[in-house]
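Chemist: Contents of model.txt (compact mmCIF, C-alpha atoms and all ligand atoms) are given next:
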# COMPACT_ATOMS: atom_id res chain seq x y z
CA MET O 19 45.65 36.44 -13.10
CA LYS O 20 43.84 33.29 -14.07
CA ASP O 21 45.86 30.09 -13.88
CA ILE O 22 43.94 28.83 -16.92
CA SER O 23 44.25 31.29 -19.77
CA GLU O 24 42.19 31.81 -22.92
CA HIS O 25 45.16 30.41 -24.79
CA ASP O 26 45.02 27.23 -22.68
CA LEU O 27 41.31 26.80 -23.33
CA GLN O 28 41.78 27.13 -27.08
CA HIS O 29 45.08 25.37 -27.64
CA ASN O 30 46.07 23.20 -24.66
CA ILE O 31 42.76 21.81 -23.41
CA PRO O 32 40.31 22.38 -26.28
CA LEU O 33 38.61 19.01 -25.67
CA ALA O 34 38.35 19.33 -21.87
CA ALA O 35 37.41 23.03 -21.94
CA ALA O 36 33.86 24.17 -21.21
CA ARG O 37 31.76 24.29 -24.37
CA ALA O 38 30.51 27.53 -25.83
CA ASP O 39 26.90 26.41 -25.38
CA GLY O 40 27.52 25.35 -21.78
CA ARG O 41 26.55 21.72 -22.45
CA ARG O 42 28.02 19.37 -19.82
CA SER O 43 29.12 15.80 -20.42
CA VAL O 44 27.26 12.85 -18.98
CA VAL O 45 29.39 9.73 -18.57
CA GLY O 46 27.57 6.41 -18.65
CA VAL O 47 28.94 3.59 -16.49
CA GLY O 48 26.57 0.66 -16.93
CA SER O 49 23.29 1.77 -15.41
CA ALA O 50 24.85 4.89 -13.83
CA HIS O 51 24.98 8.29 -15.56
CA ILE O 52 27.57 10.52 -13.94
CA GLY O 53 26.96 14.21 -14.54
CA ASP O 54 23.27 13.96 -15.44
CA GLY O 55 22.34 16.31 -12.59
CA GLN O 56 21.73 13.57 -10.03
CA PHE O 57 24.22 12.78 -7.26
CA THR O 58 26.03 9.51 -7.99
CA VAL O 59 27.48 7.51 -5.11
CA ILE O 60 30.33 5.10 -5.81
CA ALA O 61 31.12 2.90 -2.80
CA GLY O 62 33.11 -0.15 -1.80
CA PRO O 63 36.28 -1.26 -0.07
CA CYS O 64 39.64 0.34 -0.69
CA ALA O 65 40.95 -3.10 -1.65
CA VAL O 66 39.13 -6.19 -2.90
CA GLU O 67 40.15 -8.76 -0.28
CA SER O 68 38.14 -11.91 -1.08
CA GLU O 69 35.21 -13.04 -3.19
CA PRO O 70 32.70 -13.39 -0.32
CA GLN O 71 33.79 -10.01 1.07
CA ILE O 72 33.22 -8.08 -2.14
CA ILE O 73 29.92 -9.85 -2.87
CA GLU O 74 28.66 -8.96 0.61
CA ILE O 75 29.81 -5.33 0.31
CA ALA O 76 28.19 -5.02 -3.13
CA ARG O 77 24.84 -6.10 -1.72
CA ALA O 78 25.16 -3.77 1.27
CA VAL O 79 26.14 -0.64 -0.66
CA LYS O 80 23.48 -1.32 -3.28
CA ALA O 81 20.82 -1.68 -0.60
CA ALA O 82 21.92 1.67 0.87
CA GLY O 83 21.63 3.37 -2.54
CA ALA O 84 25.07 3.30 -4.19
CA SER O 85 25.12 3.33 -8.01
CA VAL O 86 28.61 1.95 -8.69
CA LEU O 87 30.83 -0.53 -6.79
CA ARG O 88 34.49 0.34 -6.21
CA GLY O 89 37.38 -1.86 -5.12
CA GLY O 90 41.10 -2.00 -5.87
CA ALA O 91 42.85 -5.16 -7.02
CA TYR O 92 46.03 -3.24 -7.80
CA LYS O 93 46.99 -0.72 -5.12
CA PRO O 94 49.58 2.03 -5.49
CA LEU O 95 50.43 1.96 -1.78
CA THR O 96 52.56 4.69 -0.23
CA PHE O 97 55.18 2.19 1.01
CA PRO O 98 56.52 -0.87 -0.85
CA TYR O 99 55.94 -3.50 1.84
CA ARG O 100 53.12 -6.02 1.60
CA SER O 101 52.10 -8.43 4.35
CA ASP O 102 49.46 -10.99 5.26
CA LYS O 103 47.39 -8.04 6.36
CA MET O 104 48.14 -5.65 3.51
CA PHE O 105 48.04 -7.28 0.11
CA GLU O 106 46.89 -6.91 -3.46
CA THR O 107 44.66 -9.55 -5.04
CA GLY O 108 45.49 -8.79 -8.69
CA GLU O 109 43.59 -10.71 -11.35
CA ASP O 110 41.76 -12.81 -8.71
CA GLY O 111 40.50 -9.57 -7.19
CA LEU O 112 39.35 -8.32 -10.59
CA ARG O 113 37.40 -11.54 -11.16
CA TRP O 114 35.77 -11.33 -7.71
CA LEU O 115 34.87 -7.68 -8.29
CA ARG O 116 33.28 -8.58 -11.66
CA THR O 117 31.28 -11.37 -10.00
CA ALA O 118 30.11 -9.00 -7.26
CA GLY O 119 29.12 -6.43 -9.86
CA ASP O 120 27.18 -8.94 -11.94
CA GLU O 121 25.55 -10.47 -8.89
CA SER O 122 24.43 -7.12 -7.44
CA GLY O 123 23.71 -5.43 -10.77
CA LEU O 124 26.14 -2.60 -9.97
CA PRO O 125 28.76 -1.49 -12.51
CA VAL O 126 32.33 -1.65 -11.17
CA VAL O 127 35.29 0.74 -11.13
CA THR O 128 38.83 -0.36 -10.33
CA GLU O 129 42.29 1.13 -10.55
CA VAL O 130 44.97 0.35 -13.11
CA THR O 131 48.55 1.10 -12.04
CA ASP O 132 50.63 -0.37 -14.85
CA VAL O 133 50.34 -0.24 -18.65
CA ARG O 134 51.26 -3.94 -18.76
CA ALA O 135 48.09 -4.83 -16.83
CA PHE O 136 45.83 -2.44 -18.72
CA GLN O 137 44.10 -4.93 -21.01
CA GLN O 138 43.57 -7.30 -18.11
CA VAL O 139 41.84 -4.61 -16.05
CA VAL O 140 39.76 -3.54 -19.06
CA ARG O 141 38.40 -7.08 -19.41
CA TYR O 142 36.83 -6.97 -15.94
CA ALA O 143 35.97 -3.32 -15.25
CA ASP O 144 33.12 -1.08 -16.38
CA MET O 145 35.19 2.00 -15.52
CA ILE O 146 38.96 2.41 -15.23
CA GLN O 147 40.41 4.44 -12.35
CA ILE O 148 43.68 6.32 -12.70
CA GLY O 149 44.88 7.11 -9.20
CA ALA O 150 46.30 10.33 -7.83
CA ARG O 151 49.86 9.06 -8.02
CA ASN O 152 49.53 8.29 -11.72
CA MET O 153 47.65 11.41 -12.82
CA GLN O 154 50.44 12.51 -15.14
CA HIS O 155 51.64 9.05 -16.15
CA VAL O 156 51.35 9.74 -19.88
CA PRO O 157 51.60 6.13 -21.15
CA LEU O 158 48.77 5.17 -18.78
CA LEU O 159 46.68 8.17 -19.89
CA ARG O 160 47.19 7.22 -23.55
CA GLU O 161 46.10 3.62 -22.85
CA ALA O 162 43.08 4.99 -21.01
CA GLY O 163 42.27 7.08 -24.05
CA ARG O 164 42.21 4.00 -26.27
CA CYS O 165 40.61 1.50 -23.90
CA GLY O 166 36.96 2.00 -24.81
CA LYS O 167 35.83 2.27 -21.16
CA PRO O 168 34.95 5.38 -19.13
CA VAL O 169 37.82 6.71 -17.02
CA LEU O 170 37.85 8.11 -13.48
CA LEU O 171 40.81 10.47 -13.28
CA LYS O 172 41.87 11.39 -9.75
CA ARG O 173 43.70 14.61 -9.09
CA HIS O 174 47.31 14.32 -7.98
CA PHE O 175 47.78 15.88 -4.52
CA GLY O 176 50.13 18.47 -5.99
CA ALA O 177 48.35 19.24 -9.22
CA SER O 178 46.70 22.50 -10.20
CA LEU O 179 43.37 22.39 -12.00
CA ARG O 180 45.32 23.31 -15.15
CA ASP O 181 47.63 20.29 -14.83
CA TRP O 182 44.66 18.04 -14.04
CA LEU O 183 42.67 19.15 -17.09
CA GLY O 184 45.86 18.69 -19.13
CA ALA O 185 45.96 15.05 -18.01
CA ALA O 186 42.27 14.65 -18.91
CA GLU O 187 43.06 16.14 -22.32
CA TYR O 188 45.49 13.25 -23.02
CA ILE O 189 42.62 10.78 -22.58
CA LEU O 190 40.17 12.84 -24.63
CA HIS O 191 42.80 13.39 -27.33
CA GLU O 192 43.07 9.62 -27.87
CA GLY O 193 39.37 9.53 -28.68
CA ASN O 194 37.82 8.64 -25.32
CA SER O 195 35.25 11.28 -24.41
CA ASN O 196 34.13 9.54 -21.19
CA VAL O 197 36.27 11.11 -18.49
CA VAL O 198 35.17 11.87 -14.92
CA LEU O 199 37.35 13.98 -12.61
CA CYS O 200 37.74 13.14 -8.91
CA GLU O 201 39.08 15.55 -6.25
CA ARG O 202 40.80 13.55 -3.51
CA GLY O 203 42.67 16.14 -1.44
CA ILE O 204 45.88 18.07 -1.94
CA THR O 205 49.08 18.45 0.05
CA VAL O 206 50.00 21.82 1.55
CA PRO O 207 52.56 22.65 4.27
CA HIS O 208 50.18 21.91 7.16
CA THR O 209 48.84 18.57 5.92
CA HIS O 210 50.07 15.08 6.85
CA VAL O 211 49.03 15.62 10.46
CA PRO O 212 46.21 13.68 12.17
CA THR O 213 43.61 16.40 11.60
CA SER O 214 44.36 16.67 7.90
CA ARG O 215 46.38 14.23 5.88
CA PHE O 216 45.28 16.24 2.86
CA ILE O 217 43.23 19.40 2.36
CA VAL O 218 40.00 18.78 0.47
CA ASP O 219 39.88 21.43 -2.21
CA LEU O 220 36.11 21.84 -2.45
CA GLN O 221 36.45 25.08 -4.38
CA VAL O 222 37.93 23.12 -7.26
CA VAL O 223 34.45 21.68 -7.90
CA PRO O 224 32.85 24.93 -9.12
CA ALA O 225 36.20 25.91 -10.67
CA ALA O 226 36.34 22.71 -12.72
CA GLN O 227 32.71 23.26 -13.72
CA GLU O 228 33.58 26.77 -14.87
CA PHE O 229 36.50 25.71 -17.06
CA SER O 230 35.45 22.20 -18.16
CA HIS O 231 32.38 20.21 -19.22
CA LEU O 232 33.63 17.04 -17.49
CA PRO O 233 31.72 15.67 -14.47
CA ILE O 234 33.52 15.96 -11.14
CA LEU O 235 33.32 13.76 -8.04
CA VAL O 236 34.80 14.17 -4.55
CA ASP O 237 36.49 11.34 -2.62
CA PRO O 238 35.87 12.14 1.07
CA SER O 239 37.69 8.96 2.17
CA HIS O 240 41.17 9.21 0.69
CA SER O 241 41.21 12.99 1.19
CA THR O 242 40.34 13.00 4.89
CA PHE O 243 41.94 9.64 5.80
CA ARG O 244 39.85 9.64 9.00
CA ARG O 245 36.40 8.13 9.19
CA ARG O 246 34.95 10.87 11.41
CA TYR O 247 35.55 13.46 8.69
CA VAL O 248 34.11 11.41 5.82
CA ALA O 249 30.40 12.18 6.22
CA PRO O 250 30.89 15.95 6.78
CA VAL O 251 33.01 16.25 3.64
CA ALA O 252 30.60 14.04 1.67
CA ARG O 253 27.72 16.35 2.65
CA ALA O 254 29.83 19.36 1.68
CA ALA O 255 30.50 17.76 -1.72
CA LEU O 256 26.77 17.56 -2.36
CA ALA O 257 26.24 21.12 -1.14
CA ILE O 258 28.96 22.54 -3.37
CA GLY O 259 27.59 20.91 -6.49
CA ALA O 260 29.78 17.85 -7.11
CA ASP O 261 28.31 15.19 -9.41
CA GLY O 262 28.85 12.56 -6.75
CA ILE O 263 31.24 10.94 -4.31
CA LEU O 264 33.57 7.94 -4.08
CA VAL O 265 33.45 6.43 -0.58
CA ASP O 266 35.33 3.60 1.13
CA VAL O 267 32.95 1.13 2.82
CA HIS O 268 34.03 -2.01 4.69
CA PRO O 269 32.09 -4.36 7.00
CA ARG O 270 34.83 -4.22 9.65
CA PRO O 271 36.78 -1.05 8.85
CA GLU O 272 39.45 -1.52 11.50
CA GLN O 273 40.32 -4.84 9.87
CA ALA O 274 40.45 -3.49 6.29
CA ALA O 275 43.56 -4.64 4.43
CA VAL O 276 44.22 -1.11 3.18
CA ASP O 277 43.20 2.27 4.66
CA PRO O 278 41.52 0.93 7.84
CA LEU O 279 41.16 4.40 9.39
CA GLN O 280 38.89 5.88 6.74
CA ALA O 281 36.32 3.25 5.72
CA LEU O 282 32.72 3.58 6.90
CA ASP O 283 30.91 0.51 8.18
CA TYR O 284 27.51 -0.37 6.71
CA ARG O 285 25.61 1.51 9.37
CA ALA O 286 27.60 4.71 8.97
CA PHE O 287 27.31 4.48 5.17
CA ASP O 288 23.58 3.92 5.37
CA GLN O 289 23.26 6.91 7.70
CA LEU O 290 25.30 9.06 5.30
CA MET O 291 23.06 8.01 2.39
CA GLN O 292 19.97 8.99 4.39
CA GLN O 293 21.50 12.40 5.14
CA LEU O 294 22.39 12.95 1.48
CA ARG O 295 18.86 12.04 0.38
CA ALA O 296 17.41 14.43 2.95
CA MET O 297 19.76 17.25 1.97
CA ALA O 298 19.60 16.91 -1.81
CA PRO O 299 16.29 18.75 -2.46
CA VAL O 300 17.59 21.82 -0.62
CA VAL O 301 20.25 22.22 -3.31
CA ASP O 302 17.90 21.16 -6.10
CA ARG O 303 19.44 17.74 -6.47
CA ARG O 304 18.52 14.09 -6.12
CA VAL O 305 20.60 11.10 -5.09
CA ALA O 306 20.73 8.89 -8.19
CA ARG O 307 19.46 5.68 -6.55
CA GLU O 308 16.97 5.12 -3.79
CA ALA O 309 17.78 2.69 -1.00
CA THR O 310 16.38 -0.77 -1.62
CA VAL O 311 13.86 -1.47 1.09
CA THR O 312 15.05 -4.48 3.04
CA ALA O 313 13.38 -6.36 5.88
C1 LIG O 401 41.92 4.66 -4.13
O1 LIG O 401 40.89 5.21 -4.55
O2 LIG O 401 41.92 3.50 -3.71
C2 LIG O 401 43.20 5.40 -4.10
C3 LIG O 401 44.37 4.79 -3.97
O3 LIG O 401 43.04 6.74 -4.18
P1 LIG O 401 44.09 7.91 -4.50
O4 LIG O 401 44.70 7.58 -5.84
O5 LIG O 401 43.23 9.11 -4.53
O6 LIG O 401 45.10 7.93 -3.39
MN MN O 402 42.63 3.45 -0.42
Output the file's structure as structure tokens, nothing else.
Ligand code: PEP
Ligand code: MN
Modeler:
Amino acid sequence: MKDISEHDLQHNIPLAAARADGRRSVVGVGSAHIGDGQFTVIAGPCAVESEPQIIEIARAVKAAGASVLRGGAYKPLTFPYRSDKMFETGEDGLRWLRTAGDESGLPVVTEVTDVRAFQQVVRYADMIQIGARNMQHVPLLREAGRCGKPVLLKRHFGASLRDWLGAAEYILHEGNSNVVLCERGITVPHTHVPTSRFIVDLQVVPAAQEFSHLPILVDPSHSTFRRRYVAPVARAALAIGADGILVDVHPRPEQAAVDPLQALDYRAFDQLMQQLRAMAPVVDRRVAREATVTA
């Protein structure tokens, strides 16, 4: 039995459902076009920590070939405690991210965690991220549907594809047709151990493409939680046909304010980009941006 029925496609997710003519959506984020057939790389720190840090990271990821800069100013952390080491930068962080985006020429994506901060985030971001924990936060989805910016909708770690497309439908239903899905790992009984905090559901990529016209990315950082698994899963995402990836990059990963175990340093990110560019033609793809040749 299919978990997504004909009835669902016609009545519950008519806007997210695959079109009769097979036409897929392309979502423009500044100069990036997610879903246009090329492989789009979104990269940056888990958290925006300071203005010089995000400006430096923007330059580095752009030089390596990223198309969009990521960075969280509002973080839905697993535990409530904040410290000198683990902090959120809020509106300052949004401003720094915007500056880094303008300076590097990369569009920026950042997460919104609260309807009360929605308009503030919209003022600074080119794309709004709704995180895994908020995937079914209906008031947030409705705001996202009315915000006029493209939306990156992460999959909750317990959600079926049906639930996930239902959440996307809320955004589409409010009139925003620019929605990008992002698989970021799911929880099963044998996860939350060092070898797998989550299971990356790669099969959901072709499944989402079968049932929906929306582009789909894979986040190999938050799903694996361990840096040594990031590049293998990123390569698998390209091989399985994802429209791109969302990767944590930090100049000194072990010192990252949030998620220090998973970020790639510049060298590792650059190496990953080279591998993706070498692999892409084998699966009839192209990485969206070339590396900028530097001295
Ligand atoms: C993130 O991208 O920074 C993040 C918190 O991801 P997720 O919602 O997938 O946990
Ligand atoms: Mn993170």
Chemist: Any idea what's packed within 8 Å of Leu220 of chain O, counting all atoms listed in the file, ignoring anything in its chain fewer than 3 positions away? Could you give it as a ChimeraX atom specification?
Modeler: /O:201,223,254-255,258
Chemist: May I have the residues from that selection written out with C-alpha atoms, as a PDB file, keeping the file's coordinate frame?
Modeler:
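The result, stored in out_5.pdb:
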ATOM      1  CA  GLU O 201      39.080  15.550  -6.250  1.00  0.00           C
ATOM      2  CA  VAL O 223      34.450  21.680  -7.900  1.00  0.00           C
ATOM      3  CA  ALA O 254      29.830  19.360   1.680  1.00  0.00           C
ATOM      4  CA  ALA O 255      30.500  17.760  -1.720  1.00  0.00           C
ATOM      5  CA  ILE O 258      28.960  22.540  -3.370  1.00  0.00           C
TER       6      ILE O 258
END
Chemist: Identify which of the residues O:Phe57, O:Phe136, O:Phe216, O:Trp182 lies closest to Glu161 of chain O, counting all atoms listed in the file when measuring atom-to-atom distances.
Modeler: O:Phe136
Chemist: Throw together the list of residues within 9 Å of ligand MN 402 (chain O), counting all atoms listed in the file, and drop it here as a list in words.
Modeler: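 Sorted by chain and then by number, the residues are Pro63, Cys64, Ala65, Gly89, Gly90, Lys93, Pro94, Leu95, Ser239, His240, Phe243, Asp266, Val276, Asp277, Pro278, Gln280 and Ala281 of chain O.
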Chemist: Store the residues picked out above in a file with C-alpha atoms, as a compact mmCIF listing (two decimals), keeping the file's coordinate frame.
Modeler:
# COMPACT_ATOMS: atom_id res chain seq x y z
CA PRO O 63 36.28 -1.26 -0.07
CA CYS O 64 39.64 0.34 -0.69
CA ALA O 65 40.95 -3.10 -1.65
CA GLY O 89 37.38 -1.86 -5.12
CA GLY O 90 41.10 -2.00 -5.87
CA LYS O 93 46.99 -0.72 -5.12
CA PRO O 94 49.58 2.03 -5.49
CA LEU O 95 50.43 1.96 -1.78
CA SER O 239 37.69 8.96 2.17
CA HIS O 240 41.17 9.21 0.69
CA PHE O 243 41.94 9.64 5.80
CA ASP O 266 35.33 3.60 1.13
CA VAL O 276 44.22 -1.11 3.18
CA ASP O 277 43.20 2.27 4.66
CA PRO O 278 41.52 0.93 7.84
CA GLN O 280 38.89 5.88 6.74
CA ALA O 281 36.32 3.25 5.72
Chemist: To test the calculation: enclose all listed atoms of segment 157-160 of chain O in a box whose edges run along x, y and z, add 4 Å on each side, then state centre and edge lengths in Å to one decimal, as JSON.
Modeler:
{"center_x": 49.1, "center_y": 6.7, "center_z": -21.2, "size_x": 12.9, "size_y": 11.0, "size_z": 12.8}
Chemist: Name the closest residue to Pro207 of chain O among the candidates O:Gly176, O:Gly259, O:Pro250, O:Gly184; distances are taken between atoms, counting all atoms listed in the file.
Modeler: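 Counting all atoms listed in the file, the residue closest to Pro207 of chain O is O:Gly176.
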Chemist: In the coordinate frame of the file, compute which residues have an atom within 12 Å of (22.8, -2.8, -2.5) when using all atoms listed in the file, and state them as a ChimeraX atom specification.
Modeler: /O:59-62,72-87,118-119,121-125,284,287-288,291,307-312
Chemist: Can you work out which one of O:Arg141, O:His174, O:Arg285, O:His268 has the shortest atom-to-atom distance to ligand LIG 401 (chain O), counting only C-alpha atoms and all ligand atoms?
Modeler: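 Going through O:Arg141, O:His174, O:Arg285, O:His268 one by one, the smallest distance to ligand LIG 401 (chain O) is for O:His174.
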Chemist: Step by step: start from the point (43.6, 26.9, -25.5) in the file's coordinates, keep every protein, DNA or RNA residue that has an atom no farther than 12 Å from it, count only C-alpha atoms, and write the set as a PDB file with C-alpha atoms, keeping the file's coordinate frame.
Modeler:
ATOM      1  CA  ILE O  22      43.940  28.830 -16.920  1.00  0.00           C
ATOM      2  CA  SER O  23      44.250  31.290 -19.770  1.00  0.00           C
ATOM      3  CA  GLU O  24      42.190  31.810 -22.920  1.00  0.00           C
ATOM      4  CA  HIS O  25      45.160  30.410 -24.790  1.00  0.00           C
ATOM      5  CA  ASP O  26      45.020  27.230 -22.680  1.00  0.00           C
ATOM      6  CA  LEU O  27      41.310  26.800 -23.330  1.00  0.00           C
ATOM      7  CA  GLN O  28      41.780  27.130 -27.080  1.00  0.00           C
ATOM      8  CA  HIS O  29      45.080  25.370 -27.640  1.00  0.00           C
ATOM      9  CA  ASN O  30      46.070  23.200 -24.660  1.00  0.00           C
ATOM     10  CA  ILE O  31      42.760  21.810 -23.410  1.00  0.00           C
ATOM     11  CA  PRO O  32      40.310  22.380 -26.280  1.00  0.00           C
ATOM     12  CA  LEU O  33      38.610  19.010 -25.670  1.00  0.00           C
ATOM     13  CA  ALA O  34      38.350  19.330 -21.870  1.00  0.00           C
ATOM     14  CA  ALA O  35      37.410  23.030 -21.940  1.00  0.00           C
ATOM     15  CA  ALA O  36      33.860  24.170 -21.210  1.00  0.00           C
ATOM     16  CA  ARG O 180      45.320  23.310 -15.150  1.00  0.00           C
ATOM     17  CA  LEU O 183      42.670  19.150 -17.090  1.00  0.00           C
ATOM     18  CA  GLY O 184      45.860  18.690 -19.130  1.00  0.00           C
ATOM     19  CA  GLU O 187      43.060  16.140 -22.320  1.00  0.00           C
ATOM     20  CA  PHE O 229      36.500  25.710 -17.060  1.00  0.00           C
ATOM     21  CA  SER O 230      35.450  22.200 -18.160  1.00  0.00           C
TER      22      SER O 230
END
Chemist: Please report the interatomic distance between atom CA of Arg113 of chain O and atom CA of Glu69 of chain O in Å with one decimal.
Modeler: 8.4 Å
Chemist: Atom CA of Ala226 of chain O to atom CA of Glu129 of chain O: how many Å, to one decimal?
Modeler: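 Rounded to one decimal, the two atoms are 22.5 Å apart.
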Chemist: In Å, how far is it from atom CA of Ala286 of chain O to atom O2 of ligand LIG 401 (chain O)?
Modeler: 19.2 Å
Chemist: Looking at O:Met153, O:Cys165, O:Asp302, O:Val126, which one is nearest to Val140 of chain O, with distances taken over all atoms listed in the file?
Modeler: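 Selected residue with least distance to Val140 of chain O: O:Cys165.
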Chemist: Could you check which of O:Ser101, O:Ser43, O:Gln293, O:Thr58 is closest to Ile263 of chain O, using only C-alpha atoms?
Modeler: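 Using only C-alpha atoms, the shortest distance to Ile263 of chain O belongs to O:Thr58.
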Chemist: Which one is closest to ligand LIG 401 (chain O): O:Arg164, O:Arg253, O:Arg202, O:Lys103? Count all atoms listed in the file.
Modeler: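 Among the listed residues, O:Arg202 lies closest to ligand LIG 401 (chain O).
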Chemist: So that I can check the surroundings of Thr213 of chain O, please list as a list in words every protein, DNA and RNA residue that reaches within 12 Å of it, counting all atoms listed in the file and ignoring chain neighbours fewer than 2 positions away.
Modeler: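 Near neighbours after the sequence-gap exclusion: His208, Thr209, His210, Val211, Arg215, Phe216, Ile217, Val218, Ser241, Thr242, Phe243, Arg244, Arg245, Arg246 and Tyr247 of chain O.
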Chemist: Which neighbours of Gly46 of chain O fall inside 10 Å, counting only C-alpha atoms, when residues of the same chain fewer than 6 positions from it are skipped, and could you give them as a CSV table (one decimal) with C-alpha atoms, in the coordinates of the input?
Modeler:
chain,number,residue,atom,x,y,z
O,52,ILE,CA,27.6,10.5,-13.9
O,53,GLY,CA,27.0,14.2,-14.5
O,54,ASP,CA,23.3,14.0,-15.4
O,144,ASP,CA,33.1,-1.1,-16.4
O,145,MET,CA,35.2,2.0,-15.5
O,167,LYS,CA,35.8,2.3,-21.2
O,168,PRO,CA,35.0,5.4,-19.1
O,196,ASN,CA,34.1,9.5,-21.2
O,197,VAL,CA,36.3,11.1,-18.5
